[in-house]
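Peer 1: What follows is start_0.pdb; its format and atoms are PDB, C-alpha atoms, pLDDT in the B column.
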```
MODEL        1
ATOM      1  CA  MET A  25       0.000   0.000   0.000  1.00 40.00           C
ATOM      2  CA  LYS A  26       1.489   3.297  -1.039  1.00 39.00           C
ATOM      3  CA  ASN A  27       0.115   6.489   0.461  1.00 41.00           C
ATOM      4  CA  GLY A  28       0.970   9.063   3.094  1.00 44.00           C
ATOM      5  CA  ASN A  29      -1.479   7.685   5.669  1.00 55.00           C
ATOM      6  CA  LYS A  30      -0.387   5.708   8.670  1.00 71.00           C
ATOM      7  CA  HIS A  31      -1.238   2.076   8.112  1.00 71.00           C
ATOM      8  CA  PRO A  32      -0.525  -1.224   9.854  1.00 77.00           C
ATOM      9  CA  GLN A  33       2.514  -3.258   8.934  1.00 74.00           C
ATOM     10  CA  MET A  34       0.304  -6.156   7.847  1.00 72.00           C
ATOM     11  CA  LEU A  35      -0.706  -4.078   4.793  1.00 74.00           C
ATOM     12  CA  GLU A  36       2.881  -3.859   3.532  1.00 76.00           C
ATOM     13  CA  GLY A  37       3.056  -5.398   0.076  1.00 76.00           C
ATOM     14  CA  ILE A  38      -0.737  -5.804  -0.243  1.00 79.00           C
ATOM     15  CA  GLU A  39      -2.450  -3.919  -3.051  1.00 82.00           C
ATOM     16  CA  ILE A  40      -5.559  -2.082  -1.877  1.00 85.00           C
ATOM     17  CA  ARG A  41      -8.584  -1.633  -4.137  1.00 85.00           C
ATOM     18  CA  ASN A  42     -10.505   0.816  -1.976  1.00 88.00           C
ATOM     19  CA  LEU A  43      -9.848   2.661   1.292  1.00 91.00           C
ATOM     20  CA  VAL A  44     -12.647   4.328   3.255  1.00 94.00           C
ATOM     21  CA  THR A  45     -12.799   5.932   6.687  1.00 96.00           C
ATOM     22  CA  VAL A  46     -15.687   5.021   8.973  1.00 97.00           C
ATOM     23  CA  GLU A  47     -16.741   6.755  12.184  1.00 97.00           C
ATOM     24  CA  PHE A  48     -17.633   4.418  15.076  1.00 96.00           C
ATOM     25  CA  PRO A  49     -19.405   6.681  17.620  1.00 95.00           C
ATOM     26  CA  TYR A  50     -19.002   4.109  20.421  1.00 94.00           C
ATOM     27  CA  GLY A  51     -15.680   2.704  19.227  1.00 95.00           C
ATOM     28  CA  LEU A  52     -15.399  -1.083  19.055  1.00 95.00           C
ATOM     29  CA  PRO A  53     -15.713  -3.405  22.066  1.00 93.00           C
ATOM     30  CA  GLY A  54     -12.360  -3.348  23.813  1.00 93.00           C
ATOM     31  CA  PHE A  55     -11.315  -0.221  21.893  1.00 95.00           C
ATOM     32  CA  GLU A  56     -14.030   2.239  22.911  1.00 96.00           C
ATOM     33  CA  TRP A  57     -11.609   5.213  22.883  1.00 97.00           C
ATOM     34  CA  LEU A  58     -10.898   4.736  19.168  1.00 97.00           C
ATOM     35  CA  LYS A  59     -13.622   6.244  16.985  1.00 97.00           C
ATOM     36  CA  ARG A  60     -12.233   6.382  13.422  1.00 97.00           C
ATOM     37  CA  PHE A  61     -11.243   3.291  11.466  1.00 97.00           C
ATOM     38  CA  ASN A  62     -10.201   2.670   7.887  1.00 96.00           C
ATOM     39  CA  ILE A  63     -11.499  -0.238   5.865  1.00 95.00           C
ATOM     40  CA  ALA A  64      -8.918  -1.288   3.293  1.00 93.00           C
ATOM     41  CA  GLU A  65     -10.295  -3.703   0.679  1.00 91.00           C
ATOM     42  CA  VAL A  66      -7.767  -6.176  -0.687  1.00 88.00           C
ATOM     43  CA  LYS A  67      -7.559  -5.742  -4.463  1.00 88.00           C
ATOM     44  CA  ASP A  68      -7.510  -9.373  -5.561  1.00 86.00           C
ATOM     45  CA  ASN A  69      -9.889 -10.641  -2.881  1.00 85.00           C
ATOM     46  CA  PRO A  70     -12.860  -8.295  -2.293  1.00 79.00           C
ATOM     47  CA  LEU A  71     -14.345 -10.682   0.283  1.00 85.00           C
ATOM     48  CA  PHE A  72     -11.627  -9.705   2.783  1.00 89.00           C
ATOM     49  CA  SER A  73     -10.615  -6.297   4.093  1.00 93.00           C
ATOM     50  CA  LEU A  74      -8.511  -4.919   6.888  1.00 93.00           C
ATOM     51  CA  LEU A  75     -10.157  -2.738   9.516  1.00 95.00           C
ATOM     52  CA  TYR A  76      -7.655  -0.564  11.383  1.00 95.00           C
ATOM     53  CA  SER A  77      -7.672   2.471  13.645  1.00 95.00           C
ATOM     54  CA  THR A  78      -6.648   5.753  12.039  1.00 94.00           C
ATOM     55  CA  ASP A  79      -5.102   6.845  15.365  1.00 93.00           C
ATOM     56  CA  GLU A  80      -3.432   3.558  16.285  1.00 93.00           C
ATOM     57  CA  PRO A  81      -2.955   1.649  13.000  1.00 91.00           C
ATOM     58  CA  ASP A  82      -1.537  -1.455  14.673  1.00 89.00           C
ATOM     59  CA  ILE A  83      -4.962  -2.011  16.218  1.00 93.00           C
ATOM     60  CA  SER A  84      -6.310  -3.874  13.248  1.00 92.00           C
ATOM     61  CA  MET A  85      -8.342  -6.914  12.318  1.00 92.00           C
ATOM     62  CA  ILE A  86      -9.218  -8.887   9.230  1.00 92.00           C
ATOM     63  CA  ILE A  87     -12.881  -8.595   8.321  1.00 95.00           C
ATOM     64  CA  MET A  88     -14.954 -10.598   5.876  1.00 92.00           C
ATOM     65  CA  LYS A  89     -17.837  -8.999   4.012  1.00 88.00           C
ATOM     66  CA  CYS A  90     -21.065 -10.952   4.265  1.00 82.00           C
ATOM     67  CA  PRO A  91     -22.232 -11.523   0.692  1.00 68.00           C
ATOM     68  CA  VAL A  92     -25.894 -10.498   0.552  1.00 61.00           C
ATOM     69  CA  ALA A  93     -26.746 -13.291  -1.856  1.00 52.00           C
ATOM     70  CA  GLU A  94     -25.497 -15.854   0.662  1.00 52.00           C
ATOM     71  CA  THR A  95     -27.314 -14.600   3.748  1.00 56.00           C
ATOM     72  CA  SER A  96     -30.366 -16.405   4.956  1.00 59.00           C
ATOM     73  CA  GLU A  97     -33.597 -14.530   5.493  1.00 66.00           C
ATOM     74  CA  GLU A  98     -33.426 -15.298   9.224  1.00 68.00           C
ATOM     75  CA  LEU A  99     -29.925 -13.821   9.512  1.00 69.00           C
ATOM     76  CA  TYR A 100     -30.962 -10.719   7.655  1.00 68.00           C
ATOM     77  CA  LYS A 101     -34.026 -10.266   9.908  1.00 71.00           C
ATOM     78  CA  LEU A 102     -31.868 -10.509  13.049  1.00 73.00           C
ATOM     79  CA  VAL A 103     -29.311  -8.026  11.822  1.00 75.00           C
ATOM     80  CA  ARG A 104     -31.899  -5.724  10.223  1.00 74.00           C
ATOM     81  CA  LYS A 105     -33.617  -5.269  13.599  1.00 76.00           C
ATOM     82  CA  GLU A 106     -30.338  -4.031  15.091  1.00 78.00           C
ATOM     83  CA  ILE A 107     -29.541  -1.921  12.013  1.00 78.00           C
ATOM     84  CA  LYS A 108     -32.897  -0.182  12.348  1.00 78.00           C
ATOM     85  CA  ARG A 109     -32.119   0.646  15.978  1.00 78.00           C
ATOM     86  CA  TYR A 110     -28.754   2.233  15.137  1.00 76.00           C
ATOM     87  CA  PHE A 111     -29.396   3.761  11.732  1.00 74.00           C
ATOM     88  CA  GLY A 112     -33.163   4.186  11.678  1.00 73.00           C
ATOM     89  CA  ALA A 113     -33.114   2.542   8.275  1.00 64.00           C
ATOM     90  CA  ASN A 114     -34.354  -0.682   6.769  1.00 61.00           C
ATOM     91  CA  GLY A 115     -30.883  -2.021   6.071  1.00 61.00           C
ATOM     92  CA  ASN A 116     -30.456  -0.739   2.543  1.00 68.00           C
ATOM     93  CA  GLY A 117     -27.010   0.725   1.993  1.00 79.00           C
ATOM     94  CA  VAL A 118     -25.564  -1.172   4.959  1.00 83.00           C
ATOM     95  CA  ASP A 119     -22.649  -3.578   4.664  1.00 86.00           C
ATOM     96  CA  ILE A 120     -22.242  -6.435   7.144  1.00 87.00           C
ATOM     97  CA  TYR A 121     -18.778  -7.699   8.081  1.00 92.00           C
ATOM     98  CA  PHE A 122     -17.495 -10.414  10.398  1.00 91.00           C
ATOM     99  CA  VAL A 123     -14.166 -10.286  12.228  1.00 93.00           C
ATOM    100  CA  VAL A 124     -11.912 -13.138  11.137  1.00 92.00           C
ATOM    101  CA  ARG A 125      -8.897 -14.663  12.866  1.00 87.00           C
ATOM    102  CA  LEU A 126      -6.276 -16.963  11.448  1.00 82.00           C
ATOM    103  CA  GLU A 127      -5.807 -20.369  13.093  1.00 81.00           C
ATOM    104  CA  LYS A 128      -2.156 -20.809  12.199  1.00 78.00           C
ATOM    105  CA  GLY A 129      -1.842 -24.381  13.399  1.00 77.00           C
ATOM    106  CA  GLU A 130      -4.756 -25.549  11.273  1.00 73.00           C
ATOM    107  CA  LYS A 131      -4.223 -22.977   8.498  1.00 76.00           C
ATOM    108  CA  LYS A 132      -7.820 -21.838   8.417  1.00 81.00           C
ATOM    109  CA  LEU A 133      -9.857 -18.710   9.043  1.00 81.00           C
ATOM    110  CA  ILE A 134     -12.415 -18.537  11.860  1.00 84.00           C
ATOM    111  CA  ALA A 135     -15.170 -15.907  11.639  1.00 83.00           C
ATOM    112  CA  ASN A 136     -16.947 -14.400  14.658  1.00 85.00           C
ATOM    113  CA  TYR A 137     -20.600 -14.565  13.649  1.00 82.00           C
ATOM    114  CA  SER A 138     -21.889 -13.323  17.024  1.00 83.00           C
ATOM    115  CA  ALA A 139     -20.563  -9.784  16.662  1.00 89.00           C
ATOM    116  CA  PRO A 140     -21.067  -8.434  13.133  1.00 89.00           C
ATOM    117  CA  ILE A 141     -19.776  -5.007  12.199  1.00 93.00           C
ATOM    118  CA  VAL A 142     -22.331  -2.975  10.273  1.00 90.00           C
ATOM    119  CA  VAL A 143     -21.417   0.081   8.204  1.00 92.00           C
ATOM    120  CA  CYS A 144     -23.863   2.537   6.660  1.00 89.00           C
ATOM    121  CA  ARG A 145     -22.290   3.457   3.303  1.00 87.00           C
ATOM    122  CA  ASP A 146     -24.266   6.713   2.972  1.00 87.00           C
ATOM    123  CA  ARG A 147     -23.100   8.175   6.287  1.00 89.00           C
ATOM    124  CA  MET A 148     -19.855   6.177   6.710  1.00 93.00           C
ATOM    125  CA  VAL A 149     -20.854   5.337  10.280  1.00 93.00           C
ATOM    126  CA  GLY A 150     -20.396   1.914  11.828  1.00 94.00           C
ATOM    127  CA  TYR A 151     -21.225  -0.137  14.901  1.00 93.00           C
ATOM    128  CA  GLN A 152     -20.247  -3.563  16.120  1.00 92.00           C
ATOM    129  CA  LEU A 153     -23.334  -5.464  17.172  1.00 88.00           C
ATOM    130  CA  ILE A 154     -23.208  -7.995  19.967  1.00 85.00           C
ATOM    131  CA  LEU A 155     -25.945 -10.530  19.249  1.00 79.00           C
ATOM    132  CA  GLU A 156     -27.326 -13.052  21.706  1.00 74.00           C
ATOM    133  CA  ARG A 157     -27.334 -15.727  19.034  1.00 63.00           C
ATOM    134  CA  ASP A 158     -24.403 -17.260  17.172  1.00 61.00           C
ATOM    135  CA  LEU A 159     -25.176 -16.747  13.490  1.00 58.00           C
ATOM    136  CA  SER A 160     -22.735 -19.335  12.166  1.00 58.00           C
ATOM    137  CA  GLU A 161     -25.366 -21.957  11.380  1.00 56.00           C
ATOM    138  CA  LEU A 162     -27.456 -19.386   9.503  1.00 52.00           C
ATOM    139  CA  ILE A 163     -24.520 -18.330   7.371  1.00 54.00           C
ATOM    140  CA  CYS A 164     -22.859 -21.689   6.855  1.00 53.00           C
ATOM    141  CA  GLU A 165     -26.039 -23.423   5.742  1.00 50.00           C
ATOM    142  CA  ASN A 166     -26.421 -20.872   2.939  1.00 44.00           C
ATOM    143  CA  SER A 167     -22.811 -20.408   1.945  1.00 47.00           C
ATOM    144  CA  ASN A 168     -19.541 -22.031   1.151  1.00 45.00           C
ATOM    145  CA  VAL A 169     -17.966 -19.844   3.883  1.00 46.00           C
ATOM    146  CA  ARG A 170     -17.213 -21.585   7.192  1.00 44.00           C
TER     147      ARG A 170
ENDMDL
END
```
So, in terms of structure tokens, how does the structure I just supplied come out?
Peer 2:
Amino acid sequence: MKNGNKHPQMLEGIEIRNLVTVEFPYGLPGFEWLKRFNIAEVKDNPLFSLLYSTDEPDISMIIMKCPVAETSEELYKLVRKEIKRYFGANGNGVDIYFVVRLEKGEKKLIANYSAPIVVCRDRMVGYQLILERDLSELICENSNVR
């Protein structure tokens, strides 16, 4: 990544397709003092992005965009209810992401389906939802993502 912005070391050598800044009014759980984050989309793999703090770039996480075509109706209803509470909208123009971690020993990615990050594209505002239900079975039954 080549630009004048501060960015995490994990982006070194990765070509970015799109970089947007999102305001998180409440921060993210565990990082409530950080309010502004960049989402850097990986050029050759638009499913994955890197979410990192603009103030402390080494506070970063891999996120996976939830493909709308692969979400179940039940999942969308659960998330839409929360989206309506935060954005006052019906969910149009909102992207849903899941935080992903790398299991190095098993060489696989594990997604956290209980705490989706939602971003309103129109206002560039985001929140991390903490849901009472694990959404993994709703996503995995309708997708090739595990």
Peer 1: For A:Phe55, which of A:Ile83, A:Met88, A:Leu133, A:Met34 is the closest residue, counting all atoms listed in the file?
Peer 2: A:Ile83
Peer 1: To one decimal place, how far is atom CA of A:Glu80 from atom CA of A:Ile134 in Å?
Peer 2: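 Pair atom CA of A:Glu80 / atom CA of A:Ile134 returns 24.3 Å.
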Peer 1: Using only C-alpha atoms, which residues sit within 12 Å of stretch 31-33 of chain A once same-chain residues fewer than 4 positions away are excluded, as a list in words?
Peer 2: Met25, Lys26, Asn27, Gly37, Ile38, Ile40, Leu43, Phe61, Asn62, Ile63, Ala64, Leu74, Leu75, Tyr76, Ser77, Thr78, Asp79, Glu80, Pro81, Asp82, Ile83, Ser84, Met85 and Ile86 of chain A
Peer 1: Check the smallest atom-to-atom distance from each of A:Trp57, A:Phe111, A:Phe72, A:Tyr121 to A:Cys90 using all atoms listed in the file, then report the winner.
Peer 2: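 Going through A:Trp57, A:Phe111, A:Phe72, A:Tyr121 one by one, the smallest distance to A:Cys90 is for A:Tyr121.
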Peer 1: Could you please determine the separation between atom CA of A:Lys30 and atom CA of A:Val46 in Å, to one decimal place?
Peer 2: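 Separation of atom CA of A:Lys30 and atom CA of A:Val46: 15.3 Å.
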Peer 1: Report the distance between atom CA of A:Gly129 and atom CA of A:Leu52 in Å, rounded to one decimal place.
Peer 2: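 Distance reported for this atom pair: 27.5 Å.
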Peer 1: Which residue gives the smallest distance to A:Pro53 among A:Ala135, A:Lys128, A:Glu65, A:Pro140, with all atoms listed in the file counted?
Peer 2: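 Closest residue, counting all atoms listed in the file: A:Pro140.
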Peer 1: Name every residue that the PyMOL selection byres ((chain A and resi 49) around 10) selects in this structure, writing the answer as a VMD selection string with chains first and numbers rising.
Peer 2: chain A and resid 46 to 48 50 to 52 56 to 60 149 to 151
Peer 1: Select, from A:Val124, A:Val44, A:Ile141, A:Leu71, the residue with the minimum atom-to-atom distance to A:Ile107, counting all atoms listed in the file.
Peer 2: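 Residue with the minimum atom-to-atom distance to A:Ile107: A:Ile141.
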